[in-house]
Structure formats: C-alpha cells, structure tokens
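Worksheet for the structure shown next.
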Amino acid sequence: MLSRIFIQNFALIDSLEITLNKGLQVITGETGAGKSIILGALRLILGERADVKSIQSSETKSIVEAEFIINENFRYFFEENDLDFEINTVIRREVLPTGKSRAFINDVPVTLEILKKLAEKLIDIHSQFETSNLFDEEYQFRMVDGLSNNKTLITNYQQDFIAYKKLVKELEDYKKQLSEGNKESDYKVFLLEELQEVNLDLFDLEDVQNRLSQQENAETIIENLSIIFNKMDQEEIGVLDSLLDVKSKLSKVASLSHEYSKLNQRFEEQFVEFKDFLFDLQNEAEKMETSPEALSELSLQVNKINSLFLKHKVNSVEELIEIRDEIQNEQTGFVELEFLMEQTEKNIAQAAKNLEKIAAELSQNRKKAIPGFIKKTEKLLQQLGLEKAKIEVQLNDTTSFTSFGKETIQLLFQANSGFPLKPIQTAISGGERSRVMLSIKKLMAENSELPTLILDEIDTGVSGKVAEEIGNVMKEMSENMQLIVISHLAQVAAKGNDNYKVIKREVSGKTQSTIIPLNKEEKLQEIAQLLSGSIITEAAISQAKELMK
C-alpha cells in the first residue's frame, strides 16, 4: 500500500508530506485547490514524462517521493533488477531545473523503465476522462483470470511461455549462424581440402628445399665430386699416394727418434680421418643420381607450399597448421550447430505440447467463470444506476501462443436495452466507463491482490441513490485493498476510513497548495460543506452526521 507521499517544489506545492493508511482514503477540496497537482506529481512516480514548467522555483530541483509497504511477492523483481529489497520501499523522482530527471528506488539510481515497471505493480491511477485499462486485452484477461482460479496456472504458463520464446529465439539464432556460415562454407571446404593435401604435420620444408636443390644441381655436384675423388686417388700423382709416401717416411723417422713419435701419431689419426672422408665422398658421388620424377615432385611440393603461404599471407608451416585447424573446427562447429538445432526443435515441440495443455486448461476455467463474472458485473452496474446494461466476454482461438494462452479476449458492452452489444471501447461513454471500471475493480478486489487504486472524481455527474451506492461499493472494495478516492460527493466522503483536504493558501505573498488530514470534527464540517456549499447549515450538519453513521 501507499503509506507516504512527499512533494517538494512542484507547481503550486512548496513542500507537502502526508501519511496514508489502509482502507478507504478520501481526498476532498475546492475546485482548483491543487488535487490535480498532487495526481500529476504521482504520475511522475509512474514514469510519465517530466515537464520543467512544473518546477515552482527554477533554482532548485523538484522532488516527488512515494513510500510503499510491500510484501515478499515483490522480492523477485528486486533480485531480477539487482536492487535491495525493502518492506518499506521508497520510489523517488527528481526533476532538475535543466529539464533532466532522475529516478531512484530505495536510493539506488534506476532507469525510467525499471521505475515504471515497479510503480505500475504498486499503484493504479484512474481518472474519469482518460483512456482506461478497461480497453486493454491484458487487463481483460487479468479481470477474467481473477475469477477463474487461474492465478497459479497463468503464472506457470507465463514462465513456460518465456522459456518457449527463448527456445524459439535460440533456434532463430542457430539458423542465422548456419546461414551465414553456409555462405562461405563451400570456399572454406575448398581451402581445408587444399591444406589437407599437404601433410603439414609431417612436412619438413627445409628438408624438401635441400633435396630440391640437390636434384636441381645434381650434375654439377656429381661432376665436382668425381674431379675431387680423381685428384685424390690417381696413381703416383694422386694426393692419397703422396700421403702414403709421407706416412711411410714419417714412420721411419719416428722409429729412429722418440722425439718424432707424437708427430707420427697425429699424422696417423689425420690420415685415417682423410681416408674416411674419401670413402664418404665416393659414396655420395655413387648414390647421387638425377631423377626427373623426383625433381618434378619436389618442385611441386615447394611451389604448393609457397602458394599456400601467399594465399594465406603467412611465412611458416606452423601458421598454415593453425589456419587448417581453425577451418576444421569451424566445419565441426557446423555439425554441432545442426545437432543443436535438432535438439532445440525437439525442445520447442515439447514446450509447445506443455503450453497447449495449460492453455486449454486456462481457457476451460475462463469459460466456466465468465457467466458468473457477467452476472456479478451486471448486478453491480444495476446497483450503480445502469439498470439496462449488458456485458459479454468473447474468447476466440488463435493459431499461435500469446502471453495469456492460445486465445484472444474481447469485452462487449451495451448500456441500453434493444441495441446490439459492441466492443466496449466503442460502446461506452465517459460516465458509464467509470461505473463499469468501478464494478470490475470491485470484483477483482474480491478475488486477487490489486495495487493501490486511486480514483480521480469518477463519481462526477451522479447524485442521490447512485452516489450512495458508489460510496457503498468503494467502502466494500477498501476492505480488500487500499483505495484512495478524490471526490466531491458527501456520500463518498462520509465512508472514508481517513479523510484529507487539499487547500490553497497564501504564504509570504505566494499561493501554495497543500493537503491536511481531517479529524472527526473537521470531517463532519467538510461533509456538511459538500452538502450545503460555503455556508454550512444546521440541516447540512445533521445530514452529515447521518451519513457518517
């Protein structure tokens, strides 16, 4: 419920603070005293656009603050929006002289969207001449569901519906990813096949380049190796024969003097190494052979790898391996994506099956409750002076799921007998609308927890018995909810649990509006004034006392 209102520097209000209670809270006051200003300030709490013109003093900011007593049912909203949950929750709106505004929930800055979502759950302002929620399909469903014992069922359905929509969105995203991937898929497959043709994991570029160089220069290598070997191994003039002669003579010298034995040993070692060198040289020359096929194959490998380097703008085999693996993973991802799509489609089918079942149950409960809703509403309308009014609720099946099942709803109305029922938005007048809304709110208050309801002069234009009945209905409604009523009717004011009066006064040469609570005697005087005008008569006092009984 709304427990406190604080307004500062707003239109004719310098500073105003009022505490409200449970039950029927009646606000009265002369026309132009500032009741609409208070409502305008409260609409800022509901997230309506701020107007810098409403700031009384352009030197300071305008503040509107509303404190609500809430229950644990709201905790999910606070957790969902990362806010601190408080039983006494304060919503504040500040309008700066620049025209910018700020919103706060329990002193935490929030977006206007979040403030609006919370405030709409806490307070409902209904004025006689504004377009009401009565025409809104969501409101009409809530109206019928309140009488259908659908509260738990609709909560479960909407949770499942959110999950269903999430699955549908996931499937759309998967399809989009696959579609975008398929646009390049053929080319990527070609690139992968091209990279896989070269066994990159075992490809040794340095070795291949070395063998290619050998094949390309095979004749030169063989010719030079042969010349070297011949020079070394020619009889009598070859290097090997000369070295053998040296070896023989050095061996003799070493045997004659111990001093030369070390030199002889060194020569022996080098001579053995030299013979091994000649042997390896001979082997290399003998196994070296030219192969056009090998040359072609090696040239092809090097050209292929260089082409891949150029195409992928890299300089190493390792980088090509990274690219190959990345493309492989993408291709694997497409396979996984197709699998996820298949699983999601199965999940959507199962979710749709569950929704279908709950939607059917919702519809069945609604159809059972509608006759009772019509009977009770028409009875209330008769009580409020619309004796001939008829109302009907139409449910029409849809092919797709909505937030409220698998059907649409339409409220039909006719105030006079002998005329066809029409959609309520086209068939209802301003005065009728207020009484229809009051009747429906009354039924909803009996069957579900409603937010604080503020009714702004919806009793305008009625008097006598109808005024008395409107007061009775409001009093009954206030037993199940907090009802704040702005009224000019004595019959309504008399039934208030608490009464307040908006007054306009002059302070330091400046007109200001404020609101004051009325005690029992002040309430009596106010009701009498509503009955008789500015001059309060004894008859008005007497009648006011009767009304207050």
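Order determines the names: the first chain of the structure tokens is A, the second B, and so forth; residues in each chain are numbered 1 upward, and ligands are numbered 1 upward as they are shown.
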inquiry  = Taking only stretch 168-324 of chain A into account, list the residues labelled alpha helix (DSSP H) by DSSP (computed from the backbone), as number ranges by chain.
reply    = A: 168-197, 205-216, 218-233, 239-256, 261-287, 292-312, 317-324
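The neighbours of A:Glu65 here are the residues that come within 8 Å of it, using only C-alpha atoms and leaving out any residue fewer than 3 positions away in the same chain; they are A:Ile5, A:Phe6, A:Ile7, A:Ile45, A:Val90, A:Ile91, A:Arg92, A:Arg93.
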Okay, now the selection with C-alpha atoms, as a PDB file, in the first residue's frame?
ATOM      1  CA  ILE A   5       3.684  10.995  -0.225  1.00  0.00           C
ATOM      2  CA  PHE A   6       6.314  13.742  -0.234  1.00  0.00           C
ATOM      3  CA  ILE A   7       6.314  16.519  -2.837  1.00  0.00           C
ATOM      4  CA  ILE A  45       6.324   8.100  -9.955  1.00  0.00           C
ATOM      5  CA  VAL A  90      10.732   4.365  -1.496  1.00  0.00           C
ATOM      6  CA  ILE A  91      10.353   5.443  -5.137  1.00  0.00           C
ATOM      7  CA  ARG A  92      11.715   8.905  -5.896  1.00  0.00           C
ATOM      8  CA  ARG A  93      11.738  11.090  -8.982  1.00  0.00           C
TER       9      ARG A  93
END
task = Fewer than 3 positions away in the same chain doesn't count, so skip those; otherwise give me all residues within 6 Å of stretch 410-426 of chain A, counting only C-alpha atoms, as a PyMOL selection string.
result = chain A and resi 135+388-394
Could you turn the residues from that selection into a file that holds all heavy atoms, as a PDB file, in the first residue's frame?
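Generated file (out-v4.pdb):
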ATOM      1  N   PHE A 135      -9.840  -1.158 -21.799  1.00  0.00           N
ATOM      2  CA  PHE A 135      -9.796  -1.497 -23.219  1.00  0.00           C
ATOM      3  C   PHE A 135      -8.604  -2.389 -23.563  1.00  0.00           C
ATOM      4  O   PHE A 135      -8.469  -2.834 -24.694  1.00  0.00           O
ATOM      5  CB  PHE A 135      -9.713  -0.216 -24.062  1.00  0.00           C
ATOM      6  CG  PHE A 135     -10.808   0.771 -23.774  1.00  0.00           C
ATOM      7  CD1 PHE A 135     -10.592   2.130 -23.948  1.00  0.00           C
ATOM      8  CD2 PHE A 135     -12.050   0.347 -23.310  1.00  0.00           C
ATOM      9  CE1 PHE A 135     -11.603   3.051 -23.681  1.00  0.00           C
ATOM     10  CE2 PHE A 135     -13.057   1.258 -23.047  1.00  0.00           C
ATOM     11  CZ  PHE A 135     -12.839   2.608 -23.225  1.00  0.00           C
ATOM     12  N   LYS A 388     -30.115  -1.236 -17.258  1.00  0.00           N
ATOM     13  CA  LYS A 388     -30.301  -1.977 -18.502  1.00  0.00           C
ATOM     14  C   LYS A 388     -28.982  -2.462 -19.115  1.00  0.00           C
ATOM     15  O   LYS A 388     -28.981  -3.044 -20.208  1.00  0.00           O
ATOM     16  CB  LYS A 388     -31.022  -1.096 -19.535  1.00  0.00           C
ATOM     17  CG  LYS A 388     -32.347  -0.522 -19.066  1.00  0.00           C
ATOM     18  CD  LYS A 388     -33.381  -1.616 -18.800  1.00  0.00           C
ATOM     19  CE  LYS A 388     -34.723  -1.009 -18.406  1.00  0.00           C
ATOM     20  NZ  LYS A 388     -35.731  -2.064 -18.140  1.00  0.00           N
ATOM     21  N   ALA A 389     -27.898  -2.203 -18.441  1.00  0.00           N
ATOM     22  CA  ALA A 389     -26.580  -2.522 -19.020  1.00  0.00           C
ATOM     23  C   ALA A 389     -26.387  -4.028 -19.174  1.00  0.00           C
ATOM     24  O   ALA A 389     -26.806  -4.829 -18.326  1.00  0.00           O
ATOM     25  CB  ALA A 389     -25.476  -1.950 -18.145  1.00  0.00           C
ATOM     26  N   LYS A 390     -25.787  -4.399 -20.293  1.00  0.00           N
ATOM     27  CA  LYS A 390     -25.445  -5.790 -20.568  1.00  0.00           C
ATOM     28  C   LYS A 390     -23.953  -5.863 -20.905  1.00  0.00           C
ATOM     29  O   LYS A 390     -23.404  -4.979 -21.553  1.00  0.00           O
ATOM     30  CB  LYS A 390     -26.260  -6.338 -21.748  1.00  0.00           C
ATOM     31  CG  LYS A 390     -27.764  -6.440 -21.488  1.00  0.00           C
ATOM     32  CD  LYS A 390     -28.055  -7.499 -20.434  1.00  0.00           C
ATOM     33  CE  LYS A 390     -29.563  -7.569 -20.148  1.00  0.00           C
ATOM     34  NZ  LYS A 390     -29.840  -8.557 -19.069  1.00  0.00           N
ATOM     35  N   ILE A 391     -23.331  -6.949 -20.482  1.00  0.00           N
ATOM     36  CA  ILE A 391     -21.899  -7.126 -20.736  1.00  0.00           C
ATOM     37  C   ILE A 391     -21.651  -8.569 -21.166  1.00  0.00           C
ATOM     38  O   ILE A 391     -22.391  -9.485 -20.769  1.00  0.00           O
ATOM     39  CB  ILE A 391     -21.063  -6.759 -19.484  1.00  0.00           C
ATOM     40  CG1 ILE A 391     -19.611  -6.489 -19.856  1.00  0.00           C
ATOM     41  CG2 ILE A 391     -21.174  -7.816 -18.397  1.00  0.00           C
ATOM     42  CD1 ILE A 391     -18.854  -5.729 -18.791  1.00  0.00           C
ATOM     43  N   GLU A 392     -20.673  -8.770 -22.015  1.00  0.00           N
ATOM     44  CA  GLU A 392     -20.358 -10.116 -22.502  1.00  0.00           C
ATOM     45  C   GLU A 392     -18.853 -10.230 -22.720  1.00  0.00           C
ATOM     46  O   GLU A 392     -18.187  -9.240 -23.046  1.00  0.00           O
ATOM     47  CB  GLU A 392     -21.092 -10.384 -23.816  1.00  0.00           C
ATOM     48  CG  GLU A 392     -20.976 -11.832 -24.310  1.00  0.00           C
ATOM     49  CD  GLU A 392     -21.776 -12.058 -25.578  1.00  0.00           C
ATOM     50  OE1 GLU A 392     -22.972 -11.681 -25.608  1.00  0.00           O
ATOM     51  OE2 GLU A 392     -21.189 -12.581 -26.540  1.00  0.00           O
ATOM     52  N   VAL A 393     -18.343 -11.439 -22.554  1.00  0.00           N
ATOM     53  CA  VAL A 393     -16.914 -11.693 -22.776  1.00  0.00           C
ATOM     54  C   VAL A 393     -16.779 -12.738 -23.872  1.00  0.00           C
ATOM     55  O   VAL A 393     -17.332 -13.835 -23.773  1.00  0.00           O
ATOM     56  CB  VAL A 393     -16.209 -12.198 -21.490  1.00  0.00           C
ATOM     57  CG1 VAL A 393     -14.722 -12.416 -21.756  1.00  0.00           C
ATOM     58  CG2 VAL A 393     -16.396 -11.206 -20.354  1.00  0.00           C
ATOM     59  N   GLN A 394     -16.045 -12.391 -24.937  1.00  0.00           N
ATOM     60  CA  GLN A 394     -15.816 -13.323 -26.047  1.00  0.00           C
ATOM     61  C   GLN A 394     -14.368 -13.829 -26.016  1.00  0.00           C
ATOM     62  O   GLN A 394     -13.429 -13.047 -25.892  1.00  0.00           O
ATOM     63  CB  GLN A 394     -16.064 -12.635 -27.392  1.00  0.00           C
ATOM     64  CG  GLN A 394     -17.521 -12.509 -27.764  1.00  0.00           C
ATOM     65  CD  GLN A 394     -17.699 -11.986 -29.179  1.00  0.00           C
ATOM     66  OE1 GLN A 394     -16.743 -11.567 -29.825  1.00  0.00           O
ATOM     67  NE2 GLN A 394     -18.930 -12.017 -29.666  1.00  0.00           N
TER      68      GLN A 394
END
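Residue nearest A:Leu278 within the list A:Thr399, A:Val492, A:His258, A:Leu225: A:Leu225 [criterion: smallest interatomic distance, only C-alpha atoms].
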request  = Compile the contact shell of stretch 146-155 of chain A as a PyMOL selection string: residues with an atom at most 9 Å away, counting only C-alpha atoms, same-chain residues fewer than 5 positions apart removed.
outcome  = chain A and resi 141+160+358-359+361-362+365-370+372-373+403-405+443-448
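Taking atom CA of A:Lys441 as the reference point, atom CA of A:Pro371 is found at 17.3 Å.
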request  = Provide the atom CA of A:Met143 to atom CA of A:Leu455 distance in Å, to one decimal place.
outcome  = 17.8 Å
note = Nearest to A:Gln525, restricted to only C-alpha atoms and choosing among A:Thr28, A:Glu322, A:Asp124, A:Leu243, comes out as A:Thr28
message = Please determine, counting only C-alpha atoms, which residue among A:Gln215, A:Gln158, A:Gln282, A:Asn224 has the shortest atom-to-atom distance to A:Lys406.
response = A:Gln158
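Neighbours of A:Leu380 closer than or equal to 10 Å, with only C-alpha atoms counted and sequence neighbours fewer than 5 positions away skipped, come out as Ile374, Lys375, Gly385, Leu386, Glu387, Arg435, Val436, Leu438, Ser439, Ile440, Lys442, Leu443, Glu469, Ile470 and Val473 of chain A.
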Produce a table with one row for each residue of stretch 20-79 of chain A that has an atom at most 12 Å from any atom of stretch 457-468 of chain A, each row naming the nearest atom pair and its distance in Å at one decimal; use only C-alpha atoms; arrange rows by chain and rising residue number; format as a Markdown table.
| residue | atom | partner | partner_atom | distance |
| --- | --- | --- | --- | --- |
| A:Val26 | CA | A:Glu457 | CA | 10.7 |
| A:Ile27 | CA | A:Glu457 | CA | 9.9 |
| A:Thr28 | CA | A:Glu457 | CA | 9.7 |
| A:Gly29 | CA | A:Glu457 | CA | 11.4 |
| A:Thr31 | CA | A:Glu457 | CA | 11.2 |
| A:Lys35 | CA | A:Glu457 | CA | 10.2 |
| A:Ser36 | CA | A:Glu457 | CA | 10.3 |
| A:Leu39 | CA | A:Glu457 | CA | 11.6 |
Selection export as an mmCIF file, in the first residue's frame, atoms kept: C-alpha atoms:
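Here's the written file out_12.cif:
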data_model
loop_
_atom_site.group_PDB
_atom_site.id
_atom_site.type_symbol
_atom_site.label_atom_id
_atom_site.label_comp_id
_atom_site.auth_asym_id
_atom_site.auth_seq_id
_atom_site.Cartn_x
_atom_site.Cartn_y
_atom_site.Cartn_z
ATOM 1 C CA VAL A 26 -10.904 10.122 0.745
ATOM 2 C CA ILE A 27 -9.424 13.375 -0.558
ATOM 3 C CA THR A 28 -11.676 16.395 -0.985
ATOM 4 C CA GLY A 29 -11.122 20.079 -1.740
ATOM 5 C CA THR A 31 -12.025 23.018 -7.482
ATOM 6 C CA LYS A 35 -5.839 17.960 -6.214
ATOM 7 C CA SER A 36 -4.801 17.517 -9.849
ATOM 8 C CA LEU A 39 -2.026 13.471 -9.002
#
Within 12 Å of stretch 165-181 of chain A, which residues of stretch 397-508 of chain A come that close, and what is the closest atom pair and distance in Å for each? Count only C-alpha atoms and give it as a Markdown table.
| residue | atom | partner | partner_atom | distance |
| --- | --- | --- | --- | --- |
| A:Ser400 | CA | A:Lys165 | CA | 11.6 |
| A:Phe401 | CA | A:Lys165 | CA | 9.6 |
| A:Thr402 | CA | A:Lys165 | CA | 10.0 |
| A:Ser403 | CA | A:Lys165 | CA | 10.2 |
inquiry  = List as a ChimeraX atom specification the protein and nucleic acid residues near stretch 503-509 of chain A, meaning an atom at most 7 Å away when only C-alpha atoms are counted, but skip any in the same chain fewer than 5 places from it.
reply    = /A:29,33,514-515
inquiry  = Quick one: residues within 12 Å of stretch 298-315 of chain A, only C-alpha atoms, excluding same-chain residues fewer than 2 positions away - as a ChimeraX atom specification?
reply    = /A:191-192,194-200,203-216,291-296,317-324
Write the selection just made, keeping N, CA and C atoms, as an mmCIF file, in the first residue's frame?
data_model
loop_
_atom_site.group_PDB
_atom_site.id
_atom_site.type_symbol
_atom_site.label_atom_id
_atom_site.label_comp_id
_atom_site.auth_asym_id
_atom_site.auth_seq_id
_atom_site.Cartn_x
_atom_site.Cartn_y
_atom_site.Cartn_z
ATOM 1 N N LEU A 191 39.335 -24.624 -49.169
ATOM 2 C CA LEU A 191 40.598 -24.257 -48.513
ATOM 3 C C LEU A 191 41.105 -25.387 -47.626
ATOM 4 N N LEU A 192 40.167 -26.011 -46.895
ATOM 5 C CA LEU A 192 40.565 -27.102 -46.000
ATOM 6 C C LEU A 192 41.128 -28.271 -46.787
ATOM 7 N N GLU A 194 42.524 -28.198 -49.644
ATOM 8 C CA GLU A 194 43.799 -27.753 -50.202
ATOM 9 C C GLU A 194 44.912 -27.867 -49.159
ATOM 10 N N LEU A 195 44.597 -27.504 -47.938
ATOM 11 C CA LEU A 195 45.585 -27.591 -46.854
ATOM 12 C C LEU A 195 45.833 -29.040 -46.451
ATOM 13 N N GLN A 196 44.783 -29.854 -46.533
ATOM 14 C CA GLN A 196 44.933 -31.256 -46.135
ATOM 15 C C GLN A 196 45.712 -32.077 -47.165
ATOM 16 N N GLU A 197 45.749 -31.588 -48.424
ATOM 17 C CA GLU A 197 46.524 -32.282 -49.465
ATOM 18 C C GLU A 197 48.008 -32.331 -49.098
ATOM 19 N N VAL A 198 48.458 -31.294 -48.442
ATOM 20 C CA VAL A 198 49.851 -31.270 -47.972
ATOM 21 C C VAL A 198 49.839 -31.765 -46.537
ATOM 22 N N ASN A 199 50.561 -32.820 -46.277
ATOM 23 C CA ASN A 199 50.615 -33.366 -44.920
ATOM 24 C C ASN A 199 51.459 -32.439 -44.052
ATOM 25 N N LEU A 200 50.810 -31.363 -43.598
ATOM 26 C CA LEU A 200 51.542 -30.291 -42.921
ATOM 27 C C LEU A 200 52.216 -30.756 -41.636
ATOM 28 N N PHE A 203 55.394 -32.324 -42.778
ATOM 29 C CA PHE A 203 56.106 -31.620 -43.850
ATOM 30 C C PHE A 203 57.292 -30.850 -43.278
ATOM 31 N N ASP A 204 58.518 -31.195 -43.779
ATOM 32 C CA ASP A 204 59.758 -30.522 -43.364
ATOM 33 C C ASP A 204 60.221 -29.673 -44.538
ATOM 34 N N LEU A 205 59.911 -28.414 -44.489
ATOM 35 C CA LEU A 205 60.200 -27.520 -45.610
ATOM 36 C C LEU A 205 61.701 -27.434 -45.892
ATOM 37 N N GLU A 206 62.475 -27.382 -44.848
ATOM 38 C CA GLU A 206 63.926 -27.262 -45.022
ATOM 39 C C GLU A 206 64.491 -28.496 -45.733
ATOM 40 N N ASP A 207 64.013 -29.667 -45.346
ATOM 41 C CA ASP A 207 64.484 -30.903 -45.975
ATOM 42 C C ASP A 207 64.071 -30.967 -47.441
ATOM 43 N N VAL A 208 62.822 -30.590 -47.715
ATOM 44 C CA VAL A 208 62.325 -30.613 -49.102
ATOM 45 C C VAL A 208 63.112 -29.627 -49.965
ATOM 46 N N GLN A 209 63.364 -28.441 -49.450
ATOM 47 C CA GLN A 209 64.131 -27.433 -50.201
ATOM 48 C C GLN A 209 65.561 -27.919 -50.459
ATOM 49 N N ASN A 210 66.152 -28.616 -49.477
ATOM 50 C CA ASN A 210 67.519 -29.141 -49.619
ATOM 51 C C ASN A 210 67.574 -30.217 -50.701
ATOM 52 N N ARG A 211 66.572 -31.125 -50.675
ATOM 53 C CA ARG A 211 66.557 -32.197 -51.675
ATOM 54 C C ARG A 211 66.268 -31.641 -53.079
ATOM 55 N N LEU A 212 65.441 -30.616 -53.134
ATOM 56 C CA LEU A 212 65.175 -29.975 -54.421
ATOM 57 C C LEU A 212 66.448 -29.334 -54.988
ATOM 58 N N SER A 213 67.173 -28.697 -54.108
ATOM 59 C CA SER A 213 68.429 -28.063 -54.546
ATOM 60 C C SER A 213 69.409 -29.107 -55.073
ATOM 61 N N GLN A 214 69.463 -30.272 -54.394
ATOM 62 C CA GLN A 214 70.349 -31.354 -54.849
ATOM 63 C C GLN A 214 69.945 -31.841 -56.235
ATOM 64 N N GLN A 215 68.603 -32.014 -56.428
ATOM 65 C CA GLN A 215 68.143 -32.505 -57.723
ATOM 66 C C GLN A 215 68.390 -31.477 -58.832
ATOM 67 N N GLU A 216 68.152 -30.212 -58.493
ATOM 68 C CA GLU A 216 68.347 -29.171 -59.482
ATOM 69 C C GLU A 216 69.820 -29.022 -59.878
ATOM 70 N N SER A 291 66.986 -37.483 -61.114
ATOM 71 C CA SER A 291 65.677 -38.120 -61.313
ATOM 72 C C SER A 291 64.675 -37.043 -61.711
ATOM 73 N N PRO A 292 64.272 -37.002 -62.959
ATOM 74 C CA PRO A 292 63.275 -36.018 -63.398
ATOM 75 C C PRO A 292 61.972 -36.101 -62.585
ATOM 76 N N GLU A 293 61.606 -37.345 -62.233
ATOM 77 C CA GLU A 293 60.374 -37.533 -61.453
ATOM 78 C C GLU A 293 60.513 -36.899 -60.065
ATOM 79 N N ALA A 294 61.682 -37.168 -59.400
ATOM 80 C CA ALA A 294 61.924 -36.602 -58.064
ATOM 81 C C ALA A 294 61.977 -35.084 -58.123
ATOM 82 N N LEU A 295 62.672 -34.574 -59.175
ATOM 83 C CA LEU A 295 62.773 -33.128 -59.338
ATOM 84 C C LEU A 295 61.388 -32.499 -59.496
ATOM 85 N N SER A 296 60.553 -33.138 -60.305
ATOM 86 C CA SER A 296 59.203 -32.627 -60.531
ATOM 87 C C SER A 296 58.369 -32.649 -59.253
ATOM 88 N N VAL A 317 55.092 -23.061 -41.979
ATOM 89 C CA VAL A 317 54.192 -24.221 -41.989
ATOM 90 C C VAL A 317 53.341 -24.238 -40.721
ATOM 91 N N GLU A 318 53.926 -23.790 -39.609
ATOM 92 C CA GLU A 318 53.207 -23.785 -38.342
ATOM 93 C C GLU A 318 51.953 -22.892 -38.431
ATOM 94 N N GLU A 319 52.082 -21.764 -39.112
ATOM 95 C CA GLU A 319 50.940 -20.871 -39.274
ATOM 96 C C GLU A 319 49.859 -21.497 -40.160
ATOM 97 N N LEU A 320 50.292 -22.234 -41.188
ATOM 98 C CA LEU A 320 49.325 -22.946 -42.032
ATOM 99 C C LEU A 320 48.569 -24.002 -41.238
ATOM 100 N N ILE A 321 49.275 -24.672 -40.343
ATOM 101 C CA ILE A 321 48.643 -25.691 -39.491
ATOM 102 C C ILE A 321 47.552 -25.043 -38.625
ATOM 103 N N GLU A 322 47.848 -23.856 -38.073
ATOM 104 C CA GLU A 322 46.863 -23.132 -37.256
ATOM 105 C C GLU A 322 45.613 -22.805 -38.074
ATOM 106 N N ILE A 323 45.839 -22.343 -39.305
ATOM 107 C CA ILE A 323 44.702 -21.995 -40.179
ATOM 108 C C ILE A 323 43.880 -23.236 -40.511
ATOM 109 N N ARG A 324 44.578 -24.331 -40.822
ATOM 110 C CA ARG A 324 43.877 -25.585 -41.142
ATOM 111 C C ARG A 324 43.009 -26.044 -39.966
#
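The strand (DSSP E) portion of stretch 31-154 of chain A consists of Ser62, Ile63, Val64, Glu65, Ala66, Glu67, Phe68, Ile69, Asn88, Thr89, Val90, Ile91, Arg92, Arg93, Glu94, Val95, Ser101, Arg102, Ala103, Phe104, Ile105, Val108, Pro109, Val110, Ile123, Asp124, Ile125, His126 and Ser127 of chain A, with states taken from DSSP on the backbone.
Between atom CA of A:Leu250 and atom CA of A:Phe267 there is a distance of 8.6 Å.
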task = Choose the residue, out of A:Gln56, A:Thr19, A:Gln343, A:Ser257, that has the smallest atom-to-atom separation from A:Ser513; count only C-alpha atoms.
result = A:Gln56
